[in-house]
Amino acid sequence: MPGTDPLLLDEISLLLVWTAVAIYVLAFIAYAIDLARRSDLALKAKDEVVARELVTAGGGGVISSGAGSSASGPSTAKPRYLWARLGTVLTALGFVFHLVATVLRGIAAERVPWSNMYEFAMTGLLLIIAVYLAVLTRYDLRFLGSLMTGLAVLLLGGATLAFHVEVVPLADPLKSVWLVVHVFVASLATALFALAFGLSVVQLIQTRRERKLAEAPVDAEPKRSFLRTVPNADALESLAYRFAIVGFIFWTFTLIAGSIWANDAWGRFWGFDTKEVWTFVIWVLYAGYIHARATRGWRGTRSAWLSIIGFTAVLFNFTIVNVFFKGLHAYSGLTT
Amino acid sequence: MTDPLRPSDHADSASDEVTQPRLGIVGWLRWGWRQLTSMRTALVLLLLLAIAAVPGSLVPQRSADPNGVTQYFTDNPDLAPVLDKLSLFDVYTSPWFSAIYLLLFISLIGCVLPRTKHHWKALRSQPPRTPARLSRLDDHRTRTIAVDAEADADAVAAAAVESAAAQLRRSGYRVARYDGRGSFSVSAERGYLRETGNLLFHGALVGVLIAVGVGGGFTYTGQRVLVEGQAFANSLLDYSSFNPGRFVGGDTLTPYSMTLDKFDVTYVPPGQPGSGQAGDFVAHVTTQAPGGDAQDGEVRVNHPLDVQGDRVYLLGNGYAPTVTIRDADGNEVFHDSVAFLPQDANMTSLGVIKVADGLPEQLGLLGFFYPTMDVLPSGALTSTYGALEYPTLTLRVYEGDLGIDDGTPRSVYTLDPSGMTQIAGGDSGTPAIQLMPGQTEDLPNGLGTITFENEAPAGAVGYEGSVKRFASLSIHRDLAGPWVLAFALLALLGLLAALFVPRRRMWVKATAQGGTVLVEYAGLARGEDPTLAVAVDQLAEKHGGSLPGAAGSAAASARPVGAAADDSAAASTRPVGGAGDDSAAGAAPTTPPQSHPDTGKVD
Ligand code: HEM
């Protein structure tokens, strides 16, 4: 758009970001109501049916969404989660605003919109929501909806409040194709880790419920819980693992791309700069998680905790380390 | 027996014996080695490594931020020495950090070597015998073919298996035929690449470590500050600082010379977003190898210049005011362009001029340079813009002993005023000297004069070009880098194979039963394999469709009876050949399914 005032574009972009945040808030509410209502719906649905579905879902973690459900038996009248559906529609709508806002910001800046904290948050969360929506077409993970939209509201809203800056020209060290690659892939990895995190959290809760269930007397009243509508712990674990390994590959690539860039920009491919340390720590934590899944006695709850710790480190790296830790990644590289 | 070898505490390995070490040293050593190379140890060491790396991001490191360490010592005089004892300022070379990663890599090698040997053998062995009861497997399909009265059912069965074997081979399976007892079967296996990838990944990590360790010894980095017009020869003498690796001698430097012709930088003009921000730094240089032609080159941020296998990086830049000092008789005693170190984004710069000879006493001048000078309300001077709009140099003057004659190394950027008397600026009673390019002032006490030279070419507008710039260059020879990158990419490749190549076994078995032939298809996942069920479906569908008798016969597919109650995690409900034809005709012998038969144990 030649001749358009970048300041004006950025202002429109900012307006759209806030709209997106507002819509994500609504989506979050819808998803939350859905979780609350699921316990009721689940009680009404026949116990036996649910039990069978869980087994089916355990089939290597294939959580059928829509199309596949006809195979699970004739009587499976799947409960319709209207609120979840509303949540997804709202999330998608918010995503559209979010996307346009991000693109406008890129046009205003005449470069990729991921070069400062505000833009990292904008693009990173855009990718998280995009991956979530994309995954929904294959797996019914709407029970993670409130987590995903909650994350988007907190981080996008927070970053916009705290870090919004006018469009300024890039600092020299950031003028590199590796910025485009490195940050983009890191954001994708983060999105996948986020999903794995969500699944691991639900897995832990589900494990606890399954253990209680096993201990309870056979004729005990079934308890109300949305967990009855969610796959069993094994299925959750194996799905979390699958997202995590794809994320791990991306993260490995992030690490390599970052080193190549560092070698061009700073003259060394690795120097244990604070940000490099945290990228490394996260990589090692997820390597540990992958190992744990293959180690007897560590499968299940313990490895789930590692996935949770890993994502906590990712969030820490993105928030606290970026803002408060000193290092070359502050992009003040060229002042002395 | 072609499963990859795994440490005994791997989740998939069958044995869980708590082995007590047999008495004797050998027994204990063997036990210790097994502990060190176990999955649990690897895991614990990985987690320890992650934790041990964290303090290095909380406390400044000598390697990354030496000034930060100095500052830390100043700010925390009590705590810092304690932390230093614990190597917390050198975390990544500390004994405890090294111990963790060395143990991890010993464990890694101890784990990978036997596995490689085992895998090497497995690569040349046959797929395992077909299990007796395929119907016990989680993924099992059947199909019955009608046989014409005059045809030989055994021959039909054999032909069906032969075509299945061919089909499997085409899709990348290793196959072996196992016929006998009235049934024909093919056993197929694929996914060896998974283990290959795993071994490649772990091996490449060792490669990365060795490349960093050994390659680092052949690496050197040196720094040099060049003022516009200055030249530099690539020899130890001409570096301002030089860090050689262990195996680098002074004679290994490739001879060449480099001249800084010009340094360019642009500033975002006032009134625009990001105003004052500097960018597009370029050092224009001329390089020349002995006997070679002079070559023009550019050093930019993110774009180092390759010179004779060295890489030249732009580390920093700033102004280098040219100052001439004359004694009382007008004789020149000092004339040089002195690099001033920038202190803020608007290039307020700090520099030191030392006049050792030619005056009655040694003279030290502590200078501030402001490219665009302005006066703060407090009366202090400041710079408001990085370019030369209103360049001003102020100097405090000290007279006395510079402390450079006794051989103590002194930084050219600092002045130690102890043992000197301040004769201009500060509390000296005489105001500091203040100059703009082209101006000359008297030194206090009739010592002589000082001139801030105007270096602008004839006809320049304003003060543009009136003060020279310097570039601080960093020159590297890095032999480790390419190797590290190569191993890292190998690791990435290995990782892709190790995580995404499915490893599975497939069996197709045909049994003649009177006028029909029962064909069974079964698959077994080894490790994570979410697509197994689909693969078995596809095999059954494709093979079944190609069978001679298939057209006429009701292609029946059935799951083992009672499988709905099967609680095994891999039960699949996807019907073959369309929903609804779940007829029991031709169903497999109805053995109650058991969870997870380990067919690896069948032979
Ligand atoms: C530098 C340290 C290590 C790192 C970063 C690391 C990383 C990984 C990763 C990412 C995987 C998953 C990909 C794959 O299957 O290849 C893996 C798998 C594996 N690692 Fe390591 N590893 C390390 C050390 C070790 C050690 C010391 C052992 C031996 C005890 C070991 C044994 C294994 C095994 C057996 C697997 C296969 C797991 C499975 O069956 O899924 N690793 N490792």
# chains A, B, ... in the order shown; residues from 1 in each chain; ligands from 1
call {"tool": "residues_near_ligand", "arguments": {"ligand": "ligand 1", "cutoff": "7 Å", "atoms": "only C-alpha atoms and all ligand atoms", "output": "ChimeraX atom specification"}}
result
/A:284,287,290-291,294 /B:6-7,10,37-39,41-42,46,104-105,107-109,111-112,197-199,201-202,205,494-495,498-499,527
call {"tool": "residues_around", "arguments": {"residues": "Thr301 of chain A", "least_positions_apart": "2", "cutoff": "8 Å", "atoms": "only C-alpha atoms", "output": "ChimeraX atom specification"}}
result
/A:203-204,207,298-299,303-305
call {"tool": "write_last_selection", "arguments": {"atoms": "C-alpha atoms", "output": "JSON list (two decimals), in the first residue's frame"}}
result
[["chain", "number", "residue", "atom", "x", "y", "z"],
["A", 203, "GLN", "CA", -3.77, -36.15, 31.41],
["A", 204, "LEU", "CA", -2.68, -35.59, 35.01],
["A", 207, "THR", "CA", -5.11, -40.03, 35.69],
["A", 298, "TRP", "CA", 8.71, -42.55, 34.03],
["A", 299, "ARG", "CA", 5.93, -43.02, 31.55],
["A", 303, "SER", "CA", 6.76, -37.59, 31.92],
["A", 304, "ALA", "CA", 3.62, -35.44, 31.91],
["A", 305, "TRP", "CA", 5.22, -33.29, 34.56]]
call {"tool": "closest_residue", "arguments": {"among": "A:Ile256, A:Val314, A:Leu195, A:Ala36", "to": "Leu285 of chain A", "atoms": "only C-alpha atoms"}}
result
A:Val314
call {"tool": "select_by_dssp", "arguments": {"residues": "segment 296-523 of chain B", "states": "alpha helix (DSSP H)", "output": "VMD selection string"}}
result
chain B and resid 480 to 500
call {"tool": "interface_residues", "arguments": {"of": "chain B", "to": "chain A", "cutoff": "6 Å", "atoms": "only C-alpha atoms", "output": "count of residues only"}}
result
20
call {"tool": "closest_residue", "arguments": {"among": "A:Glu210, A:Ile29, A:Val202, A:Asp10", "to": "Val103 of chain A", "atoms": "only C-alpha atoms"}}
result
A:Asp10
call {"tool": "residues_around", "arguments": {"residues": "Gly172 of chain B", "least_positions_apart": "4", "cutoff": "9 Å", "atoms": "only C-alpha atoms", "output": "PyMOL selection string"}}
result
chain B and resi 168+189-191
